[in-house]
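Q: Provided herewith: start.cif, mmCIF, C-alpha atoms and all ligand atoms.
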```cif
data_start
loop_
_atom_site.label_atom_id
_atom_site.label_comp_id
_atom_site.auth_asym_id
_atom_site.auth_seq_id
_atom_site.Cartn_x
_atom_site.Cartn_y
_atom_site.Cartn_z
CA MET A 1 0.00 0.00 0.00
CA SER A 2 1.64 3.20 -1.10
CA ASP A 3 -0.30 6.05 0.48
CA ASN A 4 -1.40 6.92 3.98
CA VAL A 5 -3.57 4.12 5.33
CA THR A 6 -5.34 6.39 7.79
CA THR A 7 -7.03 8.50 5.12
CA GLN A 8 -10.66 7.81 4.35
CA HIS A 9 -12.24 6.27 1.25
CA LYS A 10 -10.06 3.26 1.14
CA THR A 11 -11.73 0.16 -0.20
CA ALA A 12 -12.08 -3.12 1.66
CA ALA A 13 -13.37 -6.34 0.17
CA CYS A 14 -15.16 -8.74 2.49
CA ILE A 15 -15.35 -12.26 1.11
CA GLY A 16 -18.05 -14.02 3.11
CA GLY A 17 -20.62 -11.84 4.85
CA GLY A 18 -21.86 -14.13 7.63
CA VAL A 19 -21.56 -13.57 11.38
CA ILE A 20 -17.92 -12.49 11.19
CA GLY A 21 -17.77 -11.10 7.65
CA GLY A 22 -20.81 -8.93 8.44
CA GLY A 23 -19.05 -7.53 11.50
CA TRP A 24 -15.98 -6.65 9.41
CA VAL A 25 -18.19 -4.94 6.82
CA ALA A 26 -19.73 -2.82 9.57
CA ARG A 27 -16.38 -1.87 11.16
CA PHE A 28 -14.85 -0.76 7.83
CA LEU A 29 -17.99 0.98 6.59
CA LEU A 30 -18.53 2.94 9.82
CA HIS A 31 -14.91 4.09 9.63
CA GLY A 32 -15.53 5.65 6.22
CA TRP A 33 -14.16 2.84 4.06
CA ASP A 34 -15.96 1.79 0.90
CA VAL A 35 -16.75 -1.91 1.23
CA ASN A 36 -17.32 -4.50 -1.49
CA VAL A 37 -18.98 -7.69 -0.30
CA TYR A 38 -19.08 -11.04 -2.03
CA ASP A 39 -21.19 -13.82 -0.52
CA PRO A 40 -23.06 -16.28 -2.76
CA ALA A 41 -25.79 -17.11 -0.16
CA SER A 42 -29.24 -15.95 -1.25
CA ASP A 43 -30.03 -14.47 2.19
CA ALA A 44 -26.62 -12.83 2.70
CA LYS A 45 -27.89 -9.30 2.13
CA ARG A 46 -30.79 -9.68 4.56
CA LYS A 47 -28.46 -10.98 7.29
CA LEU A 48 -25.91 -8.26 6.64
CA ASP A 49 -28.59 -5.55 6.87
CA ALA A 50 -29.52 -6.83 10.35
CA VAL A 51 -25.88 -6.74 11.51
CA LEU A 52 -25.43 -3.24 10.08
CA GLU A 53 -28.53 -2.02 11.89
CA ASN A 54 -27.10 -3.22 15.21
CA ALA A 55 -23.63 -1.86 14.42
CA ARG A 56 -24.93 1.62 13.52
CA ALA A 57 -26.63 1.78 16.91
CA ALA A 58 -23.61 0.45 18.80
CA LEU A 59 -20.23 1.57 17.46
CA PRO A 60 -20.86 5.35 17.46
CA ALA A 61 -21.98 5.02 21.12
CA LEU A 62 -18.38 4.19 22.02
CA ALA A 63 -16.92 7.35 20.51
CA ASP A 64 -16.93 10.82 22.09
CA VAL A 65 -16.08 12.44 18.76
CA ALA A 66 -17.80 12.36 15.38
CA MET A 67 -17.29 9.19 13.39
CA PRO A 68 -16.33 9.54 9.71
CA SER A 69 -19.22 9.53 7.24
CA GLU A 70 -20.15 6.01 6.32
CA GLY A 71 -18.48 4.59 3.21
CA LYS A 72 -20.26 3.10 0.23
CA LEU A 73 -21.44 -0.50 0.45
CA THR A 74 -21.51 -2.56 -2.75
CA PHE A 75 -22.79 -6.12 -3.07
CA CYS A 76 -20.81 -7.74 -5.88
CA ASP A 77 -21.96 -10.56 -8.16
CA THR A 78 -18.47 -12.00 -8.42
CA LEU A 79 -15.52 -12.33 -6.11
CA GLU A 80 -13.28 -10.78 -8.77
CA ALA A 81 -15.38 -7.61 -8.90
CA ALA A 82 -15.16 -7.32 -5.12
CA VAL A 83 -11.38 -7.52 -4.87
CA THR A 84 -9.96 -5.74 -7.93
CA ASN A 85 -9.64 -2.29 -6.34
CA ALA A 86 -9.43 -3.33 -2.67
CA HIS A 87 -6.62 -2.29 -0.33
CA TRP A 88 -7.61 -4.80 2.35
CA ILE A 89 -9.28 -8.10 1.58
CA GLN A 90 -10.82 -9.97 4.50
CA GLU A 91 -11.67 -13.62 4.00
CA SER A 92 -14.46 -14.86 6.32
CA VAL A 93 -15.73 -18.00 4.55
CA PRO A 94 -16.51 -21.26 6.41
CA GLU A 95 -13.72 -22.84 8.46
CA ARG A 96 -12.56 -25.35 5.83
CA LEU A 97 -9.07 -25.25 4.42
CA ASP A 98 -10.12 -26.38 0.92
CA ILE A 99 -12.69 -23.57 0.66
CA LYS A 100 -10.19 -21.00 1.96
CA HIS A 101 -7.50 -22.17 -0.51
CA ALA A 102 -9.96 -21.94 -3.41
CA VAL A 103 -10.95 -18.42 -2.33
CA PHE A 104 -7.31 -17.25 -2.05
CA ALA A 105 -6.58 -18.59 -5.56
CA GLN A 106 -9.51 -16.59 -6.96
CA VAL A 107 -8.61 -13.51 -4.93
CA GLN A 108 -4.96 -13.51 -5.95
CA ALA A 109 -5.80 -13.91 -9.64
CA ALA A 110 -7.65 -10.57 -9.47
CA CYS A 111 -6.38 -8.38 -6.62
CA LEU A 112 -3.77 -5.62 -6.42
CA ASP A 113 -0.22 -6.81 -5.61
CA SER A 114 -0.19 -4.22 -2.84
CA ALA A 115 -3.39 -5.47 -1.17
CA ILE A 116 -3.23 -7.26 2.18
CA ILE A 117 -5.30 -10.41 2.54
CA GLY A 118 -6.46 -11.13 6.10
CA SER A 119 -8.13 -14.39 7.06
CA SER A 120 -10.66 -14.55 9.91
CA THR A 121 -9.78 -18.19 10.57
CA SER A 122 -10.21 -19.27 14.19
CA GLY A 123 -7.93 -22.25 13.91
CA PHE A 124 -5.68 -22.52 10.84
CA LYS A 125 -2.10 -21.34 10.93
CA PRO A 126 -0.99 -18.77 8.33
CA SER A 127 1.49 -21.24 6.82
CA GLN A 128 -1.42 -23.63 6.16
CA LEU A 129 -3.42 -20.85 4.51
CA GLN A 130 -0.42 -19.88 2.37
CA GLU A 131 0.14 -23.42 0.96
CA ASN A 132 0.24 -23.34 -2.87
CA ALA A 133 -0.77 -19.68 -2.98
CA LEU A 134 0.23 -17.50 -5.93
CA ASN A 135 1.72 -14.90 -3.58
CA PRO A 136 1.86 -16.45 -0.11
CA GLN A 137 3.42 -13.47 1.62
CA GLN A 138 0.30 -11.36 0.92
CA ILE A 139 -1.78 -13.62 3.21
CA MET A 140 -1.91 -13.61 6.99
CA VAL A 141 -4.35 -14.39 9.78
CA ALA A 142 -6.42 -11.46 11.09
CA HIS A 143 -8.63 -13.22 13.63
CA PRO A 144 -11.34 -10.96 15.12
CA PHE A 145 -13.92 -11.46 17.86
CA ASN A 146 -17.67 -11.30 17.63
CA PRO A 147 -19.10 -8.60 17.41
CA VAL A 148 -16.27 -7.42 15.17
CA TYR A 149 -17.70 -3.89 15.00
CA LEU A 150 -17.40 -3.48 18.80
CA LEU A 151 -14.58 -5.66 20.12
CA PRO A 152 -11.16 -4.24 19.23
CA LEU A 153 -9.01 -7.37 19.50
CA VAL A 154 -7.67 -8.85 16.27
CA GLU A 155 -5.00 -11.54 16.44
CA LEU A 156 -2.58 -10.78 13.64
CA VAL A 157 -0.67 -13.97 12.88
CA PRO A 158 1.98 -13.93 10.15
CA SER A 159 4.13 -16.90 9.15
CA PRO A 160 7.91 -16.58 8.83
CA ILE A 161 7.55 -15.67 5.15
CA ASN A 162 5.53 -12.48 5.70
CA ASN A 163 7.96 -9.59 5.60
CA PRO A 164 8.06 -7.12 8.51
CA GLU A 165 6.87 -4.27 6.27
CA ILE A 166 3.53 -5.90 5.41
CA ILE A 167 3.00 -6.83 9.07
CA GLU A 168 3.54 -3.18 10.09
CA GLN A 169 1.18 -2.00 7.32
CA ALA A 170 -1.46 -4.41 8.56
CA LYS A 171 -1.06 -3.19 12.15
CA THR A 172 -1.36 0.45 11.11
CA LEU A 173 -4.40 -0.20 9.03
CA LEU A 174 -6.21 -2.23 11.70
CA THR A 175 -5.39 0.42 14.30
CA SER A 176 -6.89 3.08 12.00
CA ILE A 177 -10.28 1.32 12.20
CA GLY A 178 -10.14 1.22 15.99
CA MET A 179 -8.77 -2.29 16.44
CA LYS A 180 -6.08 -3.64 18.74
CA PRO A 181 -3.82 -5.83 16.62
CA LEU A 182 -2.18 -8.45 18.83
CA HIS A 183 0.85 -9.66 16.90
CA VAL A 184 1.06 -13.42 17.53
CA ARG A 185 4.79 -13.92 17.11
CA LYS A 186 4.80 -17.73 16.75
CA GLU A 187 2.11 -19.36 14.68
CA ILE A 188 0.09 -21.93 16.59
CA ASP A 189 -3.17 -23.79 15.92
CA ALA A 190 -6.10 -21.64 17.14
CA HIS A 191 -3.81 -18.69 18.00
CA ILE A 192 -3.88 -17.38 21.60
CA ALA A 193 -7.42 -16.47 22.63
CA ASP A 194 -9.21 -19.53 21.30
CA ARG A 195 -6.71 -21.80 23.03
CA LEU A 196 -7.81 -20.26 26.30
CA LEU A 197 -11.49 -20.30 25.40
CA GLU A 198 -11.40 -23.93 24.30
CA ALA A 199 -9.90 -24.99 27.61
CA VAL A 200 -12.76 -23.34 29.51
CA TRP A 201 -15.38 -24.61 27.06
CA ARG A 202 -14.15 -28.21 27.30
CA GLU A 203 -14.31 -28.04 31.08
CA GLY A 204 -17.87 -26.66 30.85
CA LEU A 205 -18.94 -29.52 28.56
CA TRP A 206 -17.67 -32.02 31.13
CA MET A 207 -19.63 -30.38 33.91
CA ILE A 208 -22.84 -30.61 31.88
CA LYS A 209 -22.15 -34.21 30.88
CA ASP A 210 -21.43 -35.20 34.49
CA GLY A 211 -24.63 -33.45 35.67
CA ILE A 212 -22.70 -31.03 37.88
CA ALA A 213 -23.98 -27.78 36.41
CA THR A 214 -26.36 -26.51 33.72
CA THR A 215 -25.49 -24.05 30.94
CA SER A 216 -27.07 -21.28 32.99
CA GLU A 217 -25.18 -22.15 36.19
CA ILE A 218 -21.88 -22.24 34.32
CA ASP A 219 -22.64 -18.87 32.74
CA ASP A 220 -23.50 -17.43 36.19
CA ALA A 221 -20.17 -18.69 37.54
CA ILE A 222 -18.49 -16.58 34.87
CA ARG A 223 -20.59 -13.45 34.67
CA TYR A 224 -21.11 -12.75 38.35
CA GLY A 225 -17.46 -13.29 39.18
CA PHE A 226 -14.27 -13.89 37.28
CA GLY A 227 -15.72 -12.77 33.93
CA LEU A 228 -15.95 -9.23 35.32
CA ARG A 229 -12.35 -9.41 36.49
CA TRP A 230 -11.14 -10.81 33.18
CA ALA A 231 -12.90 -8.04 31.25
CA GLN A 232 -10.65 -5.39 32.70
CA MET A 233 -7.45 -7.09 33.83
CA GLY A 234 -7.23 -10.45 32.14
CA LEU A 235 -5.80 -13.52 33.86
CA PHE A 236 -2.33 -12.70 35.09
CA GLU A 237 -2.88 -9.18 36.36
CA THR A 238 -5.91 -10.48 38.28
CA TYR A 239 -3.82 -13.24 39.86
CA ARG A 240 -1.10 -10.76 40.75
CA ILE A 241 -3.62 -8.96 42.95
CA ALA A 242 -4.88 -12.29 44.32
CA GLY A 243 -1.37 -12.88 45.68
CA GLY A 244 -1.80 -9.86 47.98
CA GLU A 245 1.17 -7.63 48.71
CA ALA A 246 3.55 -10.52 48.09
CA GLY A 247 2.30 -10.54 44.48
CA MET A 248 2.66 -13.08 41.73
CA ALA A 249 5.39 -15.29 43.14
CA HIS A 250 3.36 -15.78 46.33
CA PHE A 251 0.22 -16.54 44.33
CA ILE A 252 2.00 -19.25 42.35
CA ALA A 253 3.58 -20.72 45.49
CA GLN A 254 0.13 -20.89 47.09
CA PHE A 255 -2.03 -22.12 44.22
CA GLY A 256 0.44 -23.57 41.71
CA PRO A 257 0.54 -26.99 43.38
CA CYS A 258 -3.27 -27.29 42.89
CA LEU A 259 -2.64 -27.57 39.17
CA GLU A 260 -1.24 -31.02 39.88
CA TRP A 261 -4.40 -32.08 41.67
CA PRO A 262 -6.95 -34.01 39.61
CA TRP A 263 -9.35 -31.08 39.27
CA THR A 264 -9.28 -30.84 35.54
CA LYS A 265 -10.39 -33.14 32.77
CA LEU A 266 -8.65 -31.02 30.20
CA MET A 267 -6.73 -33.83 28.60
CA ASP A 268 -9.98 -35.57 27.62
CA VAL A 269 -12.80 -34.25 25.52
CA PRO A 270 -16.30 -35.49 26.28
CA GLU A 271 -17.77 -37.28 23.29
CA LEU A 272 -20.38 -35.02 21.72
CA THR A 273 -23.08 -37.70 21.64
CA ASP A 274 -26.61 -36.88 20.42
CA GLU A 275 -27.70 -37.11 24.06
CA LEU A 276 -25.14 -34.56 25.30
CA ILE A 277 -25.90 -32.18 22.45
CA ALA A 278 -29.66 -32.46 23.15
CA THR A 279 -29.07 -31.76 26.86
CA ILE A 280 -26.99 -28.66 26.12
CA ALA A 281 -29.46 -27.39 23.51
CA GLN A 282 -32.42 -27.91 25.86
CA GLN A 283 -30.69 -26.16 28.76
CA SER A 284 -29.70 -23.31 26.49
CA ASP A 285 -33.31 -22.95 25.26
CA GLU A 286 -34.53 -22.84 28.86
CA GLN A 287 -31.88 -20.25 29.69
CA SER A 288 -32.27 -17.88 26.74
CA GLY A 289 -34.97 -19.15 24.38
CA HIS A 290 -37.32 -16.28 25.37
CA HIS A 291 -35.02 -13.84 23.53
CA THR A 292 -34.41 -13.80 19.78
CA ILE A 293 -30.76 -13.85 18.66
CA ARG A 294 -31.10 -10.23 17.50
CA GLU A 295 -32.44 -9.22 20.95
CA LEU A 296 -29.54 -11.01 22.62
CA GLU A 297 -27.12 -9.23 20.29
CA ARG A 298 -28.56 -5.84 21.24
CA ILE A 299 -28.42 -6.65 24.97
CA ARG A 300 -24.82 -7.87 24.53
CA ASP A 301 -23.87 -4.72 22.60
CA LYS A 302 -25.34 -2.37 25.24
CA ASN A 303 -23.54 -4.22 28.04
CA LEU A 304 -20.25 -4.23 26.13
CA ILE A 305 -20.55 -0.49 25.50
CA GLY A 306 -21.17 0.12 29.21
CA ILE A 307 -18.23 -2.05 30.29
CA MET A 308 -15.91 -0.36 27.79
CA ARG A 309 -17.15 3.15 28.65
CA VAL A 310 -16.29 2.74 32.33
CA GLN A 311 -12.76 1.83 31.28
CA LYS A 312 -12.72 4.89 29.03
CA ASP A 313 -13.45 7.05 32.08
CA ASN A 314 -10.55 5.35 33.88
CA ASN A 315 -8.33 5.43 30.77
CA TRP A 316 -7.64 1.75 31.45
CA GLY A 317 -7.17 -1.24 29.13
CA VAL A 318 -9.64 -1.17 26.28
CA GLY A 319 -10.73 2.32 27.44
CA GLU A 320 -7.24 3.73 26.87
CA LEU A 321 -7.35 2.33 23.34
CA LEU A 322 -10.77 3.93 22.73
CA ASN A 323 -9.51 7.30 23.98
CA GLN A 324 -6.53 7.10 21.62
CA HIS A 325 -8.90 6.19 18.79
CA ASP A 326 -11.07 9.24 19.56
CA GLN A 327 -7.97 11.43 19.13
CA ARG A 328 -7.26 9.74 15.79
CA LEU A 329 -10.85 10.28 14.61
CA LYS A 330 -10.70 13.93 15.71
CA GLN A 331 -7.63 14.49 13.55
CA LEU A 332 -9.38 12.90 10.57
CA GLY A 333 -12.57 14.96 11.01
N1 LIG A 401 -18.43 -17.15 14.62
C1 LIG A 401 -17.42 -16.74 15.35
O1 LIG A 401 -17.58 -16.43 16.57
C2 LIG A 401 -16.04 -16.55 14.76
C3 LIG A 401 -15.12 -15.73 15.46
C4 LIG A 401 -13.88 -15.44 14.87
C5 LIG A 401 -13.57 -16.02 13.64
N2 LIG A 401 -14.47 -16.86 13.00
C6 LIG A 401 -14.05 -17.40 11.69
O2 LIG A 401 -14.66 -16.62 10.68
C7 LIG A 401 -14.90 -17.43 9.51
C8 LIG A 401 -16.38 -17.32 9.14
O3 LIG A 401 -17.15 -17.78 10.23
P1 LIG A 401 -18.66 -17.28 10.46
O4 LIG A 401 -18.99 -17.63 11.88
O5 LIG A 401 -18.84 -15.89 9.99
O6 LIG A 401 -19.45 -18.29 9.49
P2 LIG A 401 -20.87 -18.05 8.77
O7 LIG A 401 -21.35 -19.39 8.40
O8 LIG A 401 -21.73 -17.15 9.59
O9 LIG A 401 -20.46 -17.23 7.45
C9 LIG A 401 -19.75 -17.78 6.38
C10 LIG A 401 -20.25 -17.09 5.13
O10 LIG A 401 -19.39 -17.44 4.03
C11 LIG A 401 -20.21 -17.55 2.88
N3 LIG A 401 -19.48 -18.33 1.88
C12 LIG A 401 -19.40 -19.68 1.73
N4 LIG A 401 -18.58 -19.97 0.69
C13 LIG A 401 -18.15 -18.78 0.17
C14 LIG A 401 -17.31 -18.42 -0.92
N5 LIG A 401 -16.72 -19.35 -1.67
N6 LIG A 401 -17.10 -17.10 -1.16
C15 LIG A 401 -17.69 -16.15 -0.40
N7 LIG A 401 -18.50 -16.44 0.64
C16 LIG A 401 -18.73 -17.74 0.93
C17 LIG A 401 -21.49 -18.21 3.39
O11 LIG A 401 -22.57 -17.97 2.48
C18 LIG A 401 -21.68 -17.52 4.73
O12 LIG A 401 -22.50 -16.35 4.64
C19 LIG A 401 -14.44 -18.84 9.89
O13 LIG A 401 -13.14 -19.04 9.41
C20 LIG A 401 -14.45 -18.83 11.42
O14 LIG A 401 -13.51 -19.72 11.97
C21 LIG A 401 -15.69 -17.10 13.52
#
```
In structure tokens, what does this structure look like?
A:
Amino acid sequence: MSDNVTTQHKTAACIGGGVIGGGWVARFLLHGWDVNVYDPASDAKRKLDAVLENARAALPALADVAMPSEGKLTFCDTLEAAVTNAHWIQESVPERLDIKHAVFAQVQAACLDSAIIGSSTSGFKPSQLQENALNPQQIMVAHPFNPVYLLPLVELVPSPINNPEIIEQAKTLLTSIGMKPLHVRKEIDAHIADRLLEAVWREGLWMIKDGIATTSEIDDAIRYGFGLRWAQMGLFETYRIAGGEAGMAHFIAQFGPCLEWPWTKLMDVPELTDELIATIAQQSDEQSGHHTIRELERIRDKNLIGIMRVQKDNNWGVGELLNQHDQRLKQLG
């Protein structure tokens, strides 16, 4: 990319406009980028409109300065039309390596040499995505979190063949749309965050299977307690405080040995039998079935905005990032 990536009216291409692709569309569009979307599903536009409606209500509520005017959204009939003039191409198609490889081949036959291709993959390593690609060093993982238009984290995972310049360009560009690029320095299956989430999820599945807790009880254990701590300090800073004045070393001395106790079933995965799936689905319906998914999304968005706004007041964590982004938006306006 030759010119200043923070200027407006850049073009992004979003390939796949589902849950995650739709969130990317919203984040780019609401930051003034023109966005081309390609998704062959017949109901893709309807679903995207619903995500955009939520995003328009939510993202500006995080800013204390004017957002750029929305860019132009174009639904393209072909993938080629979507990518030809794009500076950033975000792939968010289903999590199958064969589909992703086919998409990269089509993208690279038509895109600018200077474009960056980010993949939303939750699990594949960049070197797997790059296999047999026309120009492998143009591709890297840019793994976001749902809702992409609100949550800033994006795990940026290059392989050893991506040159430092393209990695820096990607960081600058993602920062310019309000994101927090976390540069994952060593590629690893499922990156950093999903490794952590899978460990917790697996443990939760065991507790349901063994009849210890329901979906709602497990969620309460998170949201009334450690989930609130994690939201603003993460794991290690929280444990530092838990060690009292003696700090981290004391905490580890006190609780580290418990890790050896047979508390965890992490090494095993419960078999996802029809019975276990039906139990989880039924408990989940009882817990949340009285809300539509769109209602739940709006409740989630309002709560996320509140949690992030408090941290803005304290200029802490995600709030510090949002304050810096406000300054950036002010300079653009
Ligand atoms: N859902 C999540 O919470 C989440 C979070 C982070 C990353 N991801 C990753 O994002 C990617 C997409 O996941 P999702 O949850 O949005 O799935 P999804 O099923 O909601 O969306 C996938 C979309 O891709 C479209 N599609 C299929 N083949 C295509 C093609 N050849 N070209 C263009 N579009 C095509 C489908 O029509 C669908 O709309 C996956 O790699 C997933 O691992 C998902």
Q: Show me which residues line ligand LIG 401 (chain A), defined as having an atom within 7 Å of a ligand atom where all atoms listed in the file count, and present them as a CSV table (one decimal) with C-alpha atoms, in the coordinates of the input.
A:
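The resulting file, pocket.csv, is shown below:
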```csv
chain,number,residue,atom,x,y,z
A,15,ILE,CA,-15.4,-12.3,1.1
A,16,GLY,CA,-18.0,-14.0,3.1
A,17,GLY,CA,-20.6,-11.8,4.8
A,18,GLY,CA,-21.9,-14.1,7.6
A,19,VAL,CA,-21.6,-13.6,11.4
A,20,ILE,CA,-17.9,-12.5,11.2
A,21,GLY,CA,-17.8,-11.1,7.6
A,38,TYR,CA,-19.1,-11.0,-2.0
A,39,ASP,CA,-21.2,-13.8,-0.5
A,40,PRO,CA,-23.1,-16.3,-2.8
A,41,ALA,CA,-25.8,-17.1,-0.2
A,44,ALA,CA,-26.6,-12.8,2.7
A,92,SER,CA,-14.5,-14.9,6.3
A,93,VAL,CA,-15.7,-18.0,4.6
A,94,PRO,CA,-16.5,-21.3,6.4
A,95,GLU,CA,-13.7,-22.8,8.5
A,99,ILE,CA,-12.7,-23.6,0.7
A,103,VAL,CA,-11.0,-18.4,-2.3
A,120,SER,CA,-10.7,-14.6,9.9
A,121,THR,CA,-9.8,-18.2,10.6
A,122,SER,CA,-10.2,-19.3,14.2
A,123,GLY,CA,-7.9,-22.2,13.9
A,143,HIS,CA,-8.6,-13.2,13.6
A,144,PRO,CA,-11.3,-11.0,15.1
A,145,PHE,CA,-13.9,-11.5,17.9
A,146,ASN,CA,-17.7,-11.3,17.6
```
Q: If you measure from atom CA of A:Met67 to atom CA of A:Ile167, what distance in Å do you get, rounded to one decimal?
A: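 If I compute the distance from atom CA of A:Met67 to atom CA of A:Ile167, I get 26.2 Å.
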Q: Taking into account only C-alpha atoms, which residue in the set A:Ala102, A:Asp64, A:Leu205, A:Gly333 is nearest to A:Asp268?
A: A:Leu205
Q: Quick check, in Å to one decimal: how far apart do atom CA of A:Val107 and atom CA of A:Ser127 lie?
A: 17.3 Å
Q: Name the closest residue to A:Ile222 among the candidates A:Asn132, A:Leu276, A:Gly204, A:Lys72; distances are taken between atoms, counting only C-alpha atoms.
A: A:Gly204
Q: Under the rule of at most 12 Å, produce a per-residue listing of stretch 9-59 of chain A near stretch 175-189 of chain A: chain, number, name, the closest pair of atoms, and the distance in Å, as a Markdown table, using only C-alpha atoms.
A:
```
| residue | atom | partner | partner_atom | distance |
| --- | --- | --- | --- | --- |
| A:Lys10 | CA | A:Ile177 | CA | 11.2 |
| A:Ala12 | CA | A:Ile177 | CA | 11.6 |
| A:Trp24 | CA | A:Ile177 | CA | 10.2 |
| A:Val25 | CA | A:Ile177 | CA | 11.4 |
| A:Ala26 | CA | A:Ile177 | CA | 10.6 |
| A:Arg27 | CA | A:Ile177 | CA | 7.0 |
| A:Phe28 | CA | A:Ile177 | CA | 6.7 |
| A:Leu29 | CA | A:Ile177 | CA | 9.5 |
| A:Leu30 | CA | A:Ile177 | CA | 8.7 |
| A:His31 | CA | A:Ile177 | CA | 6.0 |
| A:Gly32 | CA | A:Ile177 | CA | 9.1 |
| A:Trp33 | CA | A:Ile177 | CA | 9.1 |
| A:Leu59 | CA | A:Gly178 | CA | 10.2 |
```
Q: Excluding same-chain residues fewer than 4 positions from A:Ala81, what lies within 12 Å of it counting only C-alpha atoms, as an NGL selection string?
A: :A and (12-15 or 35-39 or 74-77 or 85-86 or 106-107 or 109-111)
Q: For those residues, write C-alpha atoms to a file as a CSV table (one decimal), in the coordinates of the input.
A:
```
chain,number,residue,atom,x,y,z
A,12,ALA,CA,-12.1,-3.1,1.7
A,13,ALA,CA,-13.4,-6.3,0.2
A,14,CYS,CA,-15.2,-8.7,2.5
A,15,ILE,CA,-15.4,-12.3,1.1
A,35,VAL,CA,-16.8,-1.9,1.2
A,36,ASN,CA,-17.3,-4.5,-1.5
A,37,VAL,CA,-19.0,-7.7,-0.3
A,38,TYR,CA,-19.1,-11.0,-2.0
A,39,ASP,CA,-21.2,-13.8,-0.5
A,74,THR,CA,-21.5,-2.6,-2.8
A,75,PHE,CA,-22.8,-6.1,-3.1
A,76,CYS,CA,-20.8,-7.7,-5.9
A,77,ASP,CA,-22.0,-10.6,-8.2
A,85,ASN,CA,-9.6,-2.3,-6.3
A,86,ALA,CA,-9.4,-3.3,-2.7
A,106,GLN,CA,-9.5,-16.6,-7.0
A,107,VAL,CA,-8.6,-13.5,-4.9
A,109,ALA,CA,-5.8,-13.9,-9.6
A,110,ALA,CA,-7.6,-10.6,-9.5
A,111,CYS,CA,-6.4,-8.4,-6.6
```
Q: Provide the atom CA of A:Trp316 to atom CA of A:Gly234 distance in Å, to one decimal place.
A: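 Answer for the atom CA of A:Trp316 to atom CA of A:Gly234 separation: 12.2 Å.
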